[in-house]
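The next block holds one structure in the form of structure tokens; read it before the comments.
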Amino acid sequence: MTQNPTTLSVRVLTVNTHKGFTALNRRFILHELRDAVRHVSADIVFLQEVMGAHEGHSSQVANWPAAPHYEFLADTMWKDFAYGQNAVYPEGHHGNAVLSKFPIVRHENCDVSVDGTDPGAEKRGLLHCVLHIPTTGTEMHAICAHLGLRESHRQEQLRLLCERIDHQVPAEAPLVIAGDFNDWRMRAHAFLDRCAGLREVFVAAHGRAARTFPARWPLLRLDRIYVRNARVHRPIELPPHPWTHLSDHAPLAAEITL
């Protein structure tokens, strides 16, 4: 982060970790992913599909860490972290996580799963963290999102996101929302602008969202970084290597001046 008496520049990164495996689950690459995440030097990291626990993998996969994956990725670089458990199964669970160099003063995981009574329904969540910015004494809101694959589910989840912003985020507070929106139809931009005044960083800079899926040959624009109450925001271009083999999604990074 960089700062002067009146501004603060925050670097953010969002990445779908694919539970620590390569795109086709052929190889466990969490250690390589940690190196790549550290190299970006982000102040806040938004993680989706991060593993909280898995009894089978912990005994069968070489180099499986003893700590939950989000804690392993945080290591000593991000002293604060929060985890929101979304999908639960007999062997363990995974969800969203936020790693932060700023103190996380409170957090809440909001279940936005649709058709929750259906055992086969997708489990999705919004991990809402409130960060204390020591240099300014203000609070910043960070929401890590992973939306559903069905259009009707995404529309309901976007509505729930806007409802949360309206009730839980002060109008003047800096807000960053990042993650895997699965919004290949490009419906989220207008919806979030209309309901909450959010701007997507890559859309503002280049006129369209970044291609992020599949990571090796990106075609679909699924991942996003939305901001509100930022003086300046700009995308950070990340090189293809080593990211193309670390997940099925390419990561996104941005510099945000508050």
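Labels for the structure tokens follow display order: chains A, B, ..., residues from 1 in each chain, ligands from 1.
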
> Could you pull the residues within 7 Å of Ile256 in chain A, counting only C-alpha atoms, minus those fewer than 2 positions along the same chain, as a PyMOL selection string?
Replying inline: chain A and resi 9-11+230+232-234+254+258

Could the residues in this selection be written to a file with C-alpha atoms, as a PDB file, in the first residue's frame?
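New file part-v4.pdb:
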```pdb
ATOM      1  CA  SER A   9      -3.643   3.302  -2.343  1.00  0.00           C
ATOM      2  CA  VAL A  10      -4.759  -0.292  -1.820  1.00  0.00           C
ATOM      3  CA  ARG A  11      -3.829  -3.238  -4.038  1.00  0.00           C
ATOM      4  CA  ALA A 230     -12.800   5.255  -4.674  1.00  0.00           C
ATOM      5  CA  VAL A 232      -9.058   6.393  -8.525  1.00  0.00           C
ATOM      6  CA  HIS A 233      -9.000   2.751  -9.618  1.00  0.00           C
ATOM      7  CA  ARG A 234      -6.953   1.038 -12.270  1.00  0.00           C
ATOM      8  CA  ALA A 254      -6.291  -3.643  -9.242  1.00  0.00           C
ATOM      9  CA  LEU A 258      -9.295   5.835  -1.341  1.00  0.00           C
TER      10      LEU A 258
END
```

>> Quick one: residues within 6 Å of range 185-198 of chain A, only C-alpha atoms, excluding same-chain residues fewer than 5 positions away - as a VMD selection string?
In response: chain A and resid 226 to 228

Selected residues written out, N, CA and C atoms, as a tab-separated table (two decimals), in the first residue's frame:
```
chain	number	residue	atom	x	y	z
A	226	TYR	N	-15.45	-4.78	-8.38
A	226	TYR	CA	-16.34	-3.62	-8.35
A	226	TYR	C	-15.95	-2.70	-7.18
A	227	VAL	N	-16.07	-1.40	-7.39
A	227	VAL	CA	-15.70	-0.44	-6.34
A	227	VAL	C	-16.75	0.65	-6.21
A	228	ARG	N	-16.78	1.25	-5.02
A	228	ARG	CA	-17.59	2.44	-4.76
A	228	ARG	C	-16.83	3.33	-3.80
```

>> I'd like the neighbourhood of Leu13 in chain A as a ChimeraX atom specification, where a residue qualifies if any of its atoms comes within 10 Å (using only C-alpha atoms), though same-chain residues fewer than 5 positions away should be ignored.
In response: /A:37,40-47,98-99,178-179,225,236,251-255

>> Set the distance at 7 Å and use only C-alpha atoms: which residues neighbour Leu220 in chain A once local chain neighbours fewer than 6 positions away are removed? I'd like the list as a ChimeraX atom specification.
In response: /A:184,211-213

>> Could you list, as a list in words, every residue within 8 Å of range 133-139 of chain A, counting only C-alpha atoms and ignoring same-chain residues fewer than 5 positions away?
In response: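 Returned residues: Phe102, Pro103, Ala173 and Pro174 of chain A.
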
Go ahead and dump the residues you just picked, C-alpha atoms, as a PDB file, in the first residue's frame.
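Result file result24.pdb:
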```
ATOM      1  CA  PHE A 102      -5.597  -4.325   7.556  1.00  0.00           C
ATOM      2  CA  PRO A 103      -7.358  -5.481  10.738  1.00  0.00           C
ATOM      3  CA  ALA A 173     -17.831   4.012   3.149  1.00  0.00           C
ATOM      4  CA  PRO A 174     -15.237   2.693   0.673  1.00  0.00           C
TER       5      PRO A 174
END
```

> Leaving out Ala87 in chain A and any residue of its chain fewer than 4 positions from it, which residues lie within 6 Å of it when counting only C-alpha atoms, given as a PyMOL selection string?
Replying inline: chain A and resi 93-94+123

> Residues at most 9 Å from range 18-27 of chain A, counting only C-alpha atoms, excluding those fewer than 4 positions away in the same chain, as a PyMOL selection string?
Replying inline: chain A and resi 31+33+48-51+69+94+214-215+245-249

Selection export as a short mmCIF file (atom, residue, chain, number, x, y, z; two decimals), in the first residue's frame, atoms kept: C-alpha atoms:
```
data_model
loop_
_atom_site.label_atom_id
_atom_site.label_comp_id
_atom_site.auth_asym_id
_atom_site.auth_seq_id
_atom_site.Cartn_x
_atom_site.Cartn_y
_atom_site.Cartn_z
CA HIS A 31 2.29 -24.24 -2.63
CA LEU A 33 -0.33 -20.77 -5.77
CA GLN A 48 -13.16 -18.37 -3.92
CA GLU A 49 -13.39 -22.17 -3.76
CA VAL A 50 -10.82 -22.24 -0.98
CA MET A 51 -10.68 -25.43 1.04
CA HIS A 69 -5.93 -23.50 2.86
CA HIS A 94 -14.93 -25.09 1.10
CA PRO A 214 -10.64 -20.84 -18.86
CA ALA A 215 -7.30 -19.61 -17.58
CA HIS A 245 -1.78 -23.70 -14.57
CA LEU A 246 -2.71 -22.62 -11.03
CA SER A 247 -6.50 -22.59 -11.45
CA ASP A 248 -9.23 -22.80 -14.06
CA HIS A 249 -9.76 -19.03 -13.61
#
```

>> Rounded to one decimal, what separation in Å do you get between CA of Asn63 in chain A and CA of Gln85 in chain A?
In response: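 CA of Gln85 in chain A lies 22.8 Å from CA of Asn63 in chain A.
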
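Between CA of Ile177 in chain A and CA of Trp217 in chain A lies a distance of 25.0 Å.
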
>> Taking only range 16-137 of chain A into account, list the residues labelled helix (DSSP H, G or I) by DSSP (computed from the backbone), as a count of residues only.
In response: 26
